[in-house]
Structures are given as C-alpha cells and as structure tokens.
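Student: Below is the structure I would like to discuss, written out as structure tokens.
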Amino acid sequence: MKRATLGKLPGILALAAAGGARRASASGWDLINMPRGVTNVSTRIYALHMMAFWVCVGIAVVVFGVMIWSLIFHRRSRGAVPDVTMTHSTKVEIVWTIVPVVILVSMALPAARLLVRINNNTDPQLSIRVTGFQWGWYYHYVGTHVSFVSKLSASSNAARQLDSGISPTSVPHYLLSVDHKLVVPVGEKIRLLITSVDVIHSWWVPDLGVKKAAIPGFINQASFTIAPNKPGVYRGQCAELCGRDHAFMPIVVRAVSPAQFAAWIAQRSARQTEAVTGPAAAGATRT
Amino acid sequence: MAESHLSAAHAEHDHKPYGWRRWVFATNHKDIGTMYLILSGIMFFIGGSAAMVIRAQLFKSGMELVDPAVFNSLTTMHGLIMIFGAIMPAWVGLANWMIPMQIGAPDMALPRLNNLSFWILPFAFTLMLASFFVPGSAIAGGWTMYPPLMQQFGDSFPMMIFAIHLMGISSILGAINIIVTIMNLRAPGMSLLRMPLFVWTWLITAYLLIAVMPVLAGAMTMQLTDHFFGTSFFNAAGGGDPVLFLHVFWFFGHPEVYILILPAFGIISEIIPSFARKPLFGYEAMVYATASIAFLSFIVWGHHMFTVGMPVAAQLFFMLSTMLIAVPTGVKVFNWVATMWRGSMSFEPPMLFAIAFVFLFTVGGLSGLMLSLVPSDYQYHGTYFVVAHFHYVLVPGAVFAIFAGIYYWLPKWSGHMYDMRLAKWHFWLSVIFVNVLFFPMHFLGLAGMPRRIADYAPQFTDWNMVASIGGFVFGASQLLLPYIVWKCVRSGKPVEANSPWDGARGLEWELPSPAPYHSWEFPPTEAVLAHADKH
Ligand code: HEM
Ligand SMILES: [Cu+2]
Ligand SMILES: [Cu+2]
C-alpha cells in the first residue's frame, strides 16, 4: 500500500507543479508512471527509474528553492541592493562541480550493473525469432515448426479506419489487441532473436522491460524471464516509426505455466502446415 | 546613461538603397538580421500550424481527422520546420543584429556572403514546403529520416534532401561569417575574455555548425545515391548497414541540439545580470562550460541509439559521456542562480522569459539525466517521455530565450518601447500553457504511449486532452508576439535614452536608439568599453 502511493508520488508532485491539484478519478488520470512489470529486469529498471527520479526531485528542490528565495527577497521592489562584488568564487565553483560528479557516479554504478545484467542473453531455455514487417510481427519458435503472423485484431482494425464511426472504447483493448498472441512460459528464460524484413521497427513490451530495434539484415537479441507467479497477458507496441500504420502493429504476449505452454506448442506443431503465412515468411527464412 | 559618443553626422552616412533593392541586395547586418527574424517567424507559424493539427488528431482516441500517412508527414515536417526553419534562422538573425553592435564593429565582416546565406533560405524552405504538394506528399519518416523507411517516399525524398543541402550551405556560410567577424572586427581592447556571452556562445556554435552540417549533408547524400545510383551504404541487401546512418545522423544530431541551445545560454547570461543589476557570476566558468559542452557534444551521440543493439561497452561509454555533460550544464544553471542571488531584481518581459528559461530548461535537463541511464532508457526510448524532454529544452528553452532576446533588444532595434502589458500577457499565457502542453507528456511516455503514433489506446485520452488544450492555448497566444512587435515598430513610445533598461550593460547600449545604420562606424574608445563593462 505504502509502496503503491510512493510510486504515484512523482505524478502527484508533477500535478501540483502543473497547477492542477485534481484528484485521480477515472483510470486514465492514474497513468502517470512506469509500470513495475513482471520480470526481474523490469522491476529493477523501475527501481532505477524511481531512484533517478528522486535524485532529480532533490536537485530541483535545492536549485529551485534557492532561486525562489532569491526571487522573493532579492528584488528591487523590496529595496534590495545588488552585491556587485559577487563575481566569482573558486571555492563555491569547485564544490558545485564536484558534488554533481559524486551524485552522477552514484547513479551510474547501479545503472551500469543492471545494464550488464540485461545484456546477458546466454543460456536461454527457449528462443523465439521475432520478425517485424510493415505492419505486424512474425514469430517463429526456434527448434519447432511453430510460427505465425501476429497482426492488429480485426475489431481494432475496423475501428481504426478513418471516420469508422466505431467508438474506441467499445472495442476491447483498442489498438492493443492482436489476432494471434505470442505465447510464452513463465519462469523460463526466453531469448528473442529480433530482425525485420523491410524498415526498422522496435519490439516493446513495457511489462517485460524489453525494447529492441528490429533492423533489416541484422539479428538483435533480447531476453526476459517472467516471474513464475505472474502469468497473464502483457501488451506493447512498435516503438520505432515504420511508416503509415506504425500505430497499428501492437504486440501481445500471453504468459502461461510451462505445462500449459508445452500443451500449446504440441497442439500448434500438429497443425503447423497452416502456420506460415503472410509477407514476412519469405524474408524471415533469409535470416 | 552615458552621453552618446556618436554625432548626428553619423546618421548622414546612411546611404541605404530604397525599396525592394534594400532587401534583395541587402548587405547591411541589420537588414539581413531583420529578414532572418521575419523568415523565422513565418516558419514558426507554419510549423506551429502543423502542431495544431497533430494535437487535434491526438485530442482523443480514435481516427477522426487525418490519414495516418498525413499525420506522419505532419510530425516529420513539424520537426524539420521548427529546427531548420524557426530556431536556427532566429539565432542567425539575432547574431546578425547583435554581434557587430556588441563587439564594436560597423557590420558583419563579409556582407555579400551574408546576403547569399540569407537568400538561399527562402529557396530551401520553398522546396521543403512544396514537397507537401507532390504525389505522395511530404516525407513521413520522422525528422530523423532513418533509412530504409526514408527510401519509401516519392518525389518529396530528393526535394527534402536538396532543401537540407541548401540549408546546410546557408548555415555554413553564416557560421564562417560569424567566426570571421568575431575574430577580426572586435574593437581594440575587446579581448576574447571581455566579449559578451552571446558572442562567445555564438562563436562556439559557429564552429559546431561548420563541423556537423557537412556530416548531415554527407549522410543525406548517401541516402540519395542509395536511392538513385544503386549504392548500398544503408541497404542491408547490398551489404550495407542501416545502423550506420543512425551513427552518422546522430553524430550530427547531438551537436545540432547544442547548436539550438548554446546561443540561448548566451542570451540568458546577458539578460539575468541586466535585470539583477549585478555582474554575471563566474563569467570565465561560463565560457569554459560552454566550450566543454561543445566538446562533449561530439562524443555522446550513442545515447540516441541505446536500443539498436550496440555492444555493452559502447552503451556504457555513451551513458557515462552523456552523464558527464550534465556537469557543465549544471555549472551554467548554478551560475545563473548565483547571479540572481543578492541582486536587485525587477521583472520586465525579457527577465520573465529568462527566469522561466532557467526553471524549465532545468526540468528538461533533469529528464535528460534520467534518459542517460541506459536501463531506464530502454523503457523511455521512443515514447512521449523523450518528446517531453526535448520539448522542455527546446520550447521553454530555446524558443523562450529567443523571445527574451527580442523583448530585450527590440527597443534598441526600433527605437520604440513595446506594450509591456501585452508582453506580460504573452509571457504568462506562454509559461502556463507550455507546461499544460508538455508536462503530461512525461506521464504518457512513462505509462507506455509511443511517440509518432497517429492514434492511441483509450486509456491515454485524459492526459492527451490536457496536452492538446495546452497546445491550442499556447499556439494561439503566440499570435501576440507579431502583434506586439508590429505595434511597437509602428507606434511605440520612442526610447530617448541609449538604454531603456537601467541595469543593462554592454556595447550595444552605448549606441543611440534606434541603433545607427552602420553600427560602430568608429570603434568605441577604451572609455566606452569600460563604461559598457561596468556594473
Ligand atoms: C543535461 C543535458 C542533456 C542530457 C543528459 C540529454 C540526454 C538525452 C538522451 C539520453 C536522449 C535520448 C533519448 C532517447 O531517444 O531514448 C535525448 C534526446 C533528445 N535531446 Fe537531450 N539531453 C540533454 C540536453 C538536451 C538539450 C540542451 C537539447 C536541445 C536543446 C536536447 C535535445 C534533445 C532532442 C531533440 C532529443 C530527441 C531527438 C529525437 O529522438 O528526436 N537535449 N537527450
Ligand atoms: Cu513501427
Ligand atoms: Cu543527444
């Protein structure tokens, strides 16, 4: 409870700063901070983000505090007399160079440690090839025949046509739902091998703490392990402008128990003949 | 104020051409500066109109206004127009007006080159804006123009590249002129470390321009030959590498963002002492901080590419170098605050904009610091959080500094005072609604809204509505500026003294108002220099 309130503080502070001290009512107003996510990495990123945020708040309080003090008391209308001898002070200038360096180093250390940890893509239990195309994703479970194209769901696609007349709120998960979800097991280290067949895309699911560019001709790696107690559906979007329908190529991941996953893979393998479809197939085999 | 050292006879030397020739054949730094500023204003409102359509489209979830392809063209052109059309020409315009006056020179060193560098621009911008009307409309790959996406656009693709080449040539010529002027035309006795900070920051900016505009031109030319002449610099199928473009582009791109902000640092460093009635704190530190920022800006470009898959060591390097830039940036902010400290401040429009600059630029700097931490950037990158960051440094940053400069020097340029009350309205509307516009973008980005999308999931509607309302009011309030300037020039109360600001120091305030056509026909004497320095 206490933690949750703390997490909302940046937004609340910011609200006050923006002059609108309104209380959160509808759900949209609550969306002011990064999700904690469901992987070890995403939670650590969240912690780093909050640490950096509070350091910034601290710096802002000190700098703005001095400034506001000065704006109130050192004004001509109060009869303030300028101290024209105050032109520099080597001592003060050294202090305000060294202190920021110390603060920065203390932020850089945990960031560097986490960075190294995130970029460790060795020893995965499952590898999935992710191929971006204009405009959707093609997934292939390495070592199986299971592969499929994942595109914006039909209901969202109908509603997103210009002047469709369909209200976005009437569509479940408008723009964040797909026809075929990426299914993964919880508790296992999953490595994504990410590429593209046309332009640069970027595969991003905030709750997994993964964002990686999909670049034609190159294979990028990213990995994640979803906490065993966090099965569920996690939604994300392409994060690199990739043309007209960039807004319409979401990513949906369904995390299930390893047993359910094994059953799903077996069932998909059985009907693998219909699996490979769509424009991505040709390019994807090239990688 | 000091008695004028310039006789009325000075004014008789004004043998300027009249009518259209005065402008087309302009060689006078003030006329050219005026043209730059007017052009910048026009582009500011064109780029602003694009932003209004963008904010209208994003007012709520659902596709109701423009096709996504048009939306992408609008965001792309908004960025390019504001950077190359609005902010950069405004800085060159201010440099033209102020540098000769501030260093005690009669004009810029290379007046004909000056004419050329200005007159290239209307052609460049015409080409750029005309690309909206060719089949397939304007390019729509973002202002960063990444291949291979950029290769997919029609005739607008070469048009934009040629426009960029023209703008690059103009910038380089302008930069050469500024460097030559500063190096050669300073009044006797004006040593480098006696120059006003606007001159200093522009000198460093000019070097940055010369260093990186050719890099941009090269990158764009490589895209051009990839498209039309079968090369494969960035084409993976031919053995090329799209990521190479990102490296080259951001090697230009990061110094470019400092090209947009360093002159702002200069202006703010002059306005705060004037209205705090106290010398700038740590003048030399400011100069060295500017120089180190300029140097560091060449080795941080990778922070725009943390998610493209660079080696860990490279990511680490770019994280540390980026964090390092925060140190000299911090020194600047501390120096401004120390200048206000124990001053005797008054709050005329230039000072109001300068104070808002220090507050809100710092907000942008702090979000920059958050962005520099690579793991966090994995979540921030490509979202509205980045949009919030760079709009904080560019709008209440660079743009407010331009406004501050205009309100500071307009009485000197025109010889008239503007309507203070209206200018304060302009300030308060701007400063309030710029925050209503951009602050919620931090929330949207953190909550997971990608940037450059034409439509979004319904849960993002609330904060987008706030941002759009802020955008509309902010946009509308900007119409006050041209009205205030026009009214000032036409019918403002004449300024009798050399300076309307009792605390202002600097050579420009030793000249009569309006400033004579050939600013310093005779170099200022040491006595004048000393008076200009004194606080
Ligand atoms: C303390 C100083 C600063 C730091 C540490 C910093 C850091 C960063 C970082 C890490 C990014 C990349 C974010 C991403 O795409 O994931 C970024 C983007 C950006 N910054 Fe800054 N920044 C600073 C100051 C500035 C200034 C002074 C300007 C311009 C006046 C500026 C303009 C931009 C722009 C335009 C972008 C986005 C470019 C794009 O992707 O379209 N920044 N900054
Ligand atoms: Cu995309
Ligand atoms: Cu940068």
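We label chains A, B, ... in the order they appear in the structure tokens, count residues from 1 in each chain, and number ligands from 1 in the order shown.
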May I have the residues within 7 Å of Arg76 in chain A as a list in words, using only C-alpha atoms and disregarding those fewer than 5 positions away in the same chain?
Tutor: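 So the residues in contact are Ser344, Met345 and Ser346 of chain B.
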Student: List every residue of range 79-268 of chain A that DSSP, applied to the backbone of this structure, places in alpha helix (DSSP H), and write the result as an MDAnalysis selection string.
Tutor: chainID A and resid 90:118 154:159 258:268
Student: Please identify all polymer residues within 9 Å of range 91-106 of chain B, counting only C-alpha atoms, omitting same-chain residues fewer than 6 positions from it, and present them as an NGL selection string.
Tutor: :B and (29-38 or 40 or 114 or 171 or 174-175 or 178 or 181-182 or 185-188 or 190 or 195-196 or 198-199 or 202 or 260 or 263-264 or 402 or 405-406 or 409 or 413 or 506-509 or 511 or 515 or 517-524 or 529)
Student: Specify as a PyMOL selection string all residues of chain A found within 6 Å of chain B, counting only C-alpha atoms.
Tutor: chain A and resi 28+31-34+45+49+52+56+67+70+74-76+80-84+87-88+115+160+162-163+168+174-175+199+211-213+217+239+244+247
Student: Do you know which residues are at most 9 Å from Ala130 in chain B counting only C-alpha atoms, after dropping those on the same chain fewer than 6 positions away, and could you put them as a PyMOL selection string?
Tutor: chain B and resi 138+156+159
Student: Next, write the just-selected residues to a file, as a compact mmCIF listing (two decimals), in the first residue's frame, keeping C-alpha atoms as the atom set.
Tutor:
# COMPACT_ATOMS: atom_id res chain seq x y z
CA ALA B 138 5.92 15.18 -47.88
CA SER B 156 9.48 14.56 -51.70
CA MET B 159 13.30 17.53 -52.63
Student: Counting only C-alpha atoms and all ligand atoms, which protein, DNA or RNA residues come within 7 Å of ligand 3, given as a PDB file with N, CA and C atoms, in the first residue's frame?
Tutor:
ATOM      1  N   GLY B 253      23.455  14.944 -35.102  1.00  0.00           N
ATOM      2  CA  GLY B 253      22.249  15.318 -34.365  1.00  0.00           C
ATOM      3  C   GLY B 253      22.499  15.832 -32.970  1.00  0.00           C
ATOM      4  N   HIS B 254      23.429  15.218 -32.247  1.00  0.00           N
ATOM      5  CA  HIS B 254      23.582  15.736 -30.898  1.00  0.00           C
ATOM      6  C   HIS B 254      24.242  17.105 -30.862  1.00  0.00           C
ATOM      7  N   VAL B 257      21.629  19.676 -31.448  1.00  0.00           N
ATOM      8  CA  VAL B 257      20.762  20.165 -30.369  1.00  0.00           C
ATOM      9  C   VAL B 257      21.488  21.237 -29.554  1.00  0.00           C
ATOM     10  N   VAL B 300      28.710  11.918 -27.496  1.00  0.00           N
ATOM     11  CA  VAL B 300      27.571  11.354 -26.759  1.00  0.00           C
ATOM     12  C   VAL B 300      26.482  10.823 -27.685  1.00  0.00           C
ATOM     13  N   TRP B 301      26.713  10.842 -29.004  1.00  0.00           N
ATOM     14  CA  TRP B 301      25.611  10.585 -29.934  1.00  0.00           C
ATOM     15  C   TRP B 301      24.911   9.248 -29.717  1.00  0.00           C
ATOM     16  N   HIS B 303      23.698   7.994 -27.248  1.00  0.00           N
ATOM     17  CA  HIS B 303      22.561   7.923 -26.319  1.00  0.00           C
ATOM     18  C   HIS B 303      21.220   7.962 -27.039  1.00  0.00           C
ATOM     19  N   HIS B 304      21.252   8.247 -28.324  1.00  0.00           N
ATOM     20  CA  HIS B 304      20.003   8.172 -29.103  1.00  0.00           C
ATOM     21  C   HIS B 304      19.774   6.766 -29.639  1.00  0.00           C
TER      22      HIS B 304
END
Student: Can you pull out the residues contacting Val171 in chain A? Cut-off 9 Å, using only C-alpha atoms, and skip same-chain residues under 6 positions away; I want them as an mmCIF file with all heavy atoms, in the first residue's frame.
Tutor:
data_model
loop_
_atom_site.group_PDB
_atom_site.id
_atom_site.type_symbol
_atom_site.label_atom_id
_atom_site.label_comp_id
_atom_site.auth_asym_id
_atom_site.auth_seq_id
_atom_site.Cartn_x
_atom_site.Cartn_y
_atom_site.Cartn_z
ATOM 1 N N SER A 155 -11.244 -6.424 -34.828
ATOM 2 C CA SER A 155 -12.153 -5.408 -34.277
ATOM 3 C C SER A 155 -11.451 -4.052 -34.179
ATOM 4 O O SER A 155 -12.014 -3.020 -34.547
ATOM 5 C CB SER A 155 -12.666 -5.849 -32.906
ATOM 6 O OG SER A 155 -11.567 -6.116 -32.057
ATOM 7 N N SER A 156 -10.184 -4.056 -33.725
ATOM 8 C CA SER A 156 -9.449 -2.788 -33.671
ATOM 9 C C SER A 156 -9.218 -2.251 -35.073
ATOM 10 O O SER A 156 -9.314 -1.050 -35.322
ATOM 11 C CB SER A 156 -8.093 -2.989 -33.000
ATOM 12 O OG SER A 156 -8.211 -3.052 -31.612
ATOM 13 N N ALA A 159 -12.223 -0.512 -36.317
ATOM 14 C CA ALA A 159 -12.499 0.741 -35.623
ATOM 15 C C ALA A 159 -11.491 1.820 -35.976
ATOM 16 O O ALA A 159 -11.798 3.017 -35.909
ATOM 17 C CB ALA A 159 -12.501 0.512 -34.117
#
Student: Any chance you could list, as a ChimeraX atom specification, the residues in range 19-242 of chain A that come up strand (DSSP E) when DSSP is run on the backbone?
Tutor: /A:126-133,136-141,147-150,182-185,189-196,201-205,210-214,220-225,232-238
Student: For ligand 2, collect every residue having any atom at a distance of at most 7 Å from a ligand atom (counting only C-alpha atoms and all ligand atoms); output as a ChimeraX atom specification.
Tutor: /A:201-202,238-243,246-247,249
Student: Please, could you write that set of residues out with C-alpha atoms as a short mmCIF file (atom, residue, chain, number, x, y, z; two decimals), in the first residue's frame?
Tutor:
data_model
loop_
_atom_site.label_atom_id
_atom_site.label_comp_id
_atom_site.auth_asym_id
_atom_site.auth_seq_id
_atom_site.Cartn_x
_atom_site.Cartn_y
_atom_site.Cartn_z
CA HIS A 201 10.76 -1.49 -36.14
CA SER A 202 11.12 -1.89 -32.41
CA CYS A 238 6.09 -1.00 -32.02
CA ALA A 239 8.35 1.76 -30.75
CA GLU A 240 10.09 2.89 -33.94
CA LEU A 241 8.31 4.87 -36.65
CA CYS A 242 7.93 2.40 -39.51
CA GLY A 243 5.51 4.01 -41.93
CA HIS A 246 3.17 2.29 -37.26
CA ALA A 247 0.46 2.95 -34.67
CA MET A 249 1.18 -3.07 -35.02
#
Student: Write out as a list in words which residues come within 7 Å of Pro494 in chain B when counting only C-alpha atoms, dropping same-chain ones fewer than 4 positions away.
Tutor: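 Near Pro494 in chain B, the qualifying residues are Gly415, His416 and Met417 of chain B.
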Student: Measure the distance from CA of Asn157 in chain A to CA of Arg254 in chain A in Å and round it to one decimal.
Tutor: 20.4 Å
Student: Write out as a list in words each polymer residue whose atoms come within 7 Å of range 218-224 of chain A, counting only C-alpha atoms; drop sequence neighbours fewer than 3 positions from it.
Tutor: Thr39, Asn121, Lys189, Ile190, Arg191, Leu192, Leu193, Ile194, Thr195, Leu208, Val210, Lys212, Ala214 and Ile215 of chain A; Gly309 of chain B
Student: Keeping only N, CA, C and O atoms, write the selected residues to a file as a compact mmCIF listing (two decimals), in the first residue's frame.
Tutor:
# COMPACT_ATOMS: atom_id res chain seq x y z
N THR A 39 9.03 -8.91 -14.75
CA THR A 39 10.29 -9.64 -14.80
C THR A 39 11.24 -9.02 -13.80
O THR A 39 11.04 -7.88 -13.35
N ASN A 121 22.47 -12.45 -22.67
CA ASN A 121 21.45 -13.24 -23.37
C ASN A 121 21.84 -14.71 -23.48
O ASN A 121 21.31 -15.43 -24.32
N LYS A 189 13.79 -18.61 -19.04
CA LYS A 189 14.50 -17.54 -19.73
C LYS A 189 14.24 -17.64 -21.22
O LYS A 189 14.57 -18.65 -21.86
N ILE A 190 13.65 -16.59 -21.77
CA ILE A 190 13.29 -16.61 -23.18
C ILE A 190 14.14 -15.59 -23.91
O ILE A 190 14.27 -14.44 -23.47
N ARG A 191 14.73 -16.05 -25.01
CA ARG A 191 15.57 -15.14 -25.79
C ARG A 191 14.86 -14.82 -27.09
O ARG A 191 14.38 -15.72 -27.79
N LEU A 192 14.80 -13.54 -27.42
CA LEU A 192 14.21 -13.15 -28.69
C LEU A 192 15.34 -12.85 -29.67
O LEU A 192 16.34 -12.22 -29.31
N LEU A 193 15.18 -13.33 -30.90
CA LEU A 193 16.12 -13.00 -31.97
C LEU A 193 15.35 -12.11 -32.92
O LEU A 193 14.48 -12.57 -33.64
N ILE A 194 15.68 -10.82 -32.89
CA ILE A 194 14.79 -9.83 -33.48
C ILE A 194 15.37 -9.27 -34.77
O ILE A 194 16.53 -8.84 -34.81
N THR A 195 14.58 -9.28 -35.82
CA THR A 195 15.02 -8.68 -37.07
C THR A 195 13.82 -8.13 -37.82
O THR A 195 12.71 -8.08 -37.27
N LEU A 208 7.57 -6.33 -19.65
CA LEU A 208 8.69 -7.28 -19.70
C LEU A 208 10.03 -6.54 -19.60
O LEU A 208 11.09 -7.17 -19.50
N VAL A 210 11.47 -5.03 -22.02
CA VAL A 210 12.22 -5.29 -23.25
C VAL A 210 11.82 -4.29 -24.33
O VAL A 210 10.65 -4.12 -24.62
N LYS A 212 13.68 -3.52 -28.17
CA LYS A 212 14.84 -3.74 -29.02
C LYS A 212 14.47 -3.47 -30.46
O LYS A 212 13.41 -3.89 -30.92
N ALA A 214 14.23 -3.79 -34.40
CA ALA A 214 14.22 -4.85 -35.40
C ALA A 214 14.77 -4.23 -36.68
O ALA A 214 14.14 -3.35 -37.26
N ILE A 215 15.96 -4.67 -37.08
CA ILE A 215 16.69 -3.99 -38.16
C ILE A 215 16.90 -4.95 -39.32
O ILE A 215 17.39 -6.07 -39.11
N GLY B 309 21.01 -2.03 -30.32
CA GLY B 309 21.86 -3.22 -30.21
C GLY B 309 23.34 -2.93 -30.33
O GLY B 309 24.05 -3.63 -31.04
Student: Which is closest to ligand 1 among B:Thr221, B:Thr329, B:Asn177, B:Thr76, if we use only C-alpha atoms and all ligand atoms?
Tutor: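 Closest candidate: B:Thr329.
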Student: One number please: CA of Phe318 in chain B to CA of Val102 in chain A, in Å, one decimal.
Tutor: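 So the answer is 18.2 Å.
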Student: Between B:Ser491, B:Ser430, B:Thr231, B:Thr290, which one has atoms that come closest to ligand 1, using only C-alpha atoms and all ligand atoms?
Tutor: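 Of the candidates, the smallest distance to ligand 1 is held by B:Thr290.
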